[in-house]
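Worksheet for the structure shown next.
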Amino acid sequence: RPPVLRAGDLEVDLPRRRVSRSGVLLSLSAKEFAVLEVLMLRAGEVVTRTELIESCWDEASEPMSNVVDVLIGQLRRRLGPPDPIRTVRGVGYHLGGEE
């Protein structure tokens with residue numbers, strides 16, 4: 001996998017664990033970074049809530065809880081407008097690219 005992931009004006013530097021948008025460095029929590037990394041690695045695809053939980057949380061997490069939805073909301077606020085993450089109702093989330 002590439003060391004730097006890009007989707008539009010969003011850039012994730014994996015080795016340095018840095019995220020920038022339009023050249024502005026953003027501060028993310030470890031969990032926000034993990035979720036964004038999965039979305040960026042799968043840019044252009046729909047990522048289900050279950051896939052995010054399996055990738056970013058331990059096995060004790062309950063997939064039916066709203067933990068993913070809450071974290072996505074926090075991530076959207078940190079990334080700012082325009083929102084690069086699209087909700088696919090009843091399925092999951094989509095970042096950049098074409099479906």
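By order of appearance in the structure tokens: chains A, B, ..., then residues from 1 within every chain, and ligands from 1 in the order shown.
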
DSSP-assigned helix (DSSP H, G or I) members of chain A, reported as number ranges by chain: A: 30-41, 49-56, 67-79

All residues 12 Å or closer to A:Ala30, only C-alpha atoms, same chain fewer than 2 positions away omitted, as an MDAnalysis selection string: chainID A and resid 17:19 27:28 32:37 56:57 71 75

Take the residues that were just selected and, keeping N, CA and C atoms, output them as a PDB file, in the first residue's frame.
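Printed below is again08.pdb as written:
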```
ATOM      1  N   ARG A  17       1.557   9.439  10.140  1.00  0.00           N
ATOM      2  CA  ARG A  17       0.227   9.535  10.751  1.00  0.00           C
ATOM      3  C   ARG A  17      -0.269  10.983  10.745  1.00  0.00           C
ATOM      4  N   ARG A  18      -0.153  11.603   9.576  1.00  0.00           N
ATOM      5  CA  ARG A  18      -0.590  12.992   9.387  1.00  0.00           C
ATOM      6  C   ARG A  18      -1.690  13.054   8.345  1.00  0.00           C
ATOM      7  N   VAL A  19      -2.634  13.948   8.595  1.00  0.00           N
ATOM      8  CA  VAL A  19      -3.743  14.170   7.665  1.00  0.00           C
ATOM      9  C   VAL A  19      -3.770  15.650   7.327  1.00  0.00           C
ATOM     10  N   SER A  27      -5.779  17.687  13.028  1.00  0.00           N
ATOM     11  CA  SER A  27      -5.527  16.879  14.208  1.00  0.00           C
ATOM     12  C   SER A  27      -6.664  15.874  14.363  1.00  0.00           C
ATOM     13  N   LEU A  28      -6.334  14.570  14.285  1.00  0.00           N
ATOM     14  CA  LEU A  28      -7.329  13.521  14.421  1.00  0.00           C
ATOM     15  C   LEU A  28      -6.967  12.604  15.579  1.00  0.00           C
ATOM     16  N   GLU A  32     -10.224   8.117  14.757  1.00  0.00           N
ATOM     17  CA  GLU A  32     -10.598   8.872  13.552  1.00  0.00           C
ATOM     18  C   GLU A  32      -9.608   8.589  12.426  1.00  0.00           C
ATOM     19  N   PHE A  33      -8.319   8.555  12.772  1.00  0.00           N
ATOM     20  CA  PHE A  33      -7.287   8.264  11.770  1.00  0.00           C
ATOM     21  C   PHE A  33      -7.494   6.864  11.196  1.00  0.00           C
ATOM     22  N   ALA A  34      -7.772   5.889  12.061  1.00  0.00           N
ATOM     23  CA  ALA A  34      -7.956   4.503  11.609  1.00  0.00           C
ATOM     24  C   ALA A  34      -9.137   4.393  10.646  1.00  0.00           C
ATOM     25  N   VAL A  35     -10.251   5.039  10.979  1.00  0.00           N
ATOM     26  CA  VAL A  35     -11.431   4.990  10.109  1.00  0.00           C
ATOM     27  C   VAL A  35     -11.137   5.683   8.779  1.00  0.00           C
ATOM     28  N   LEU A  36     -10.502   6.849   8.836  1.00  0.00           N
ATOM     29  CA  LEU A  36     -10.165   7.567   7.606  1.00  0.00           C
ATOM     30  C   LEU A  36      -9.205   6.743   6.748  1.00  0.00           C
ATOM     31  N   GLU A  37      -8.251   6.063   7.371  1.00  0.00           N
ATOM     32  CA  GLU A  37      -7.315   5.224   6.622  1.00  0.00           C
ATOM     33  C   GLU A  37      -8.066   4.133   5.846  1.00  0.00           C
ATOM     34  N   CYS A  56     -11.303  -1.402  12.716  1.00  0.00           N
ATOM     35  CA  CYS A  56     -10.875  -0.317  13.603  1.00  0.00           C
ATOM     36  C   CYS A  56     -11.207  -0.511  15.086  1.00  0.00           C
ATOM     37  N   TRP A  57     -12.019  -1.505  15.404  1.00  0.00           N
ATOM     38  CA  TRP A  57     -12.382  -1.754  16.796  1.00  0.00           C
ATOM     39  C   TRP A  57     -12.045  -3.186  17.155  1.00  0.00           C
ATOM     40  N   LEU A  71     -18.555   8.346  15.274  1.00  0.00           N
ATOM     41  CA  LEU A  71     -17.190   8.655  14.881  1.00  0.00           C
ATOM     42  C   LEU A  71     -17.124   9.302  13.500  1.00  0.00           C
ATOM     43  N   LEU A  75     -15.464  12.834  12.556  1.00  0.00           N
ATOM     44  CA  LEU A  75     -14.495  12.925  11.470  1.00  0.00           C
ATOM     45  C   LEU A  75     -14.926  13.973  10.450  1.00  0.00           C
TER      46      LEU A  75
END
```

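Closest approach to A:Pro82 among A:Gly23, A:Gly8, A:Gly44, A:Pro3 is made by A:Gly8 (distances from only C-alpha atoms).
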
Point-to-point distance from atom CA of A:Leu10 to atom CA of A:Ser22, Å rounded to tenths: 6.6 Å

Non-local contacts of A:Arg1 (12 Å; only C-alpha atoms; under 6 positions in same chain excluded) as a PyMOL selection string: chain A and resi 13-15+37-38+40-42

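Nearest to A:Gln74 of all the residues A:Arg6, A:Lys31, A:Arg16, A:Arg21 is A:Lys31, based on only C-alpha atoms.
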
Surrounding residues of A:Val68 excluding itself and chain neighbours under 6 positions, 9 Å, only C-alpha atoms, as a list in words: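 The neighbour list is Val35, Arg49, Thr50, Leu52 and Ile53 of chain A.
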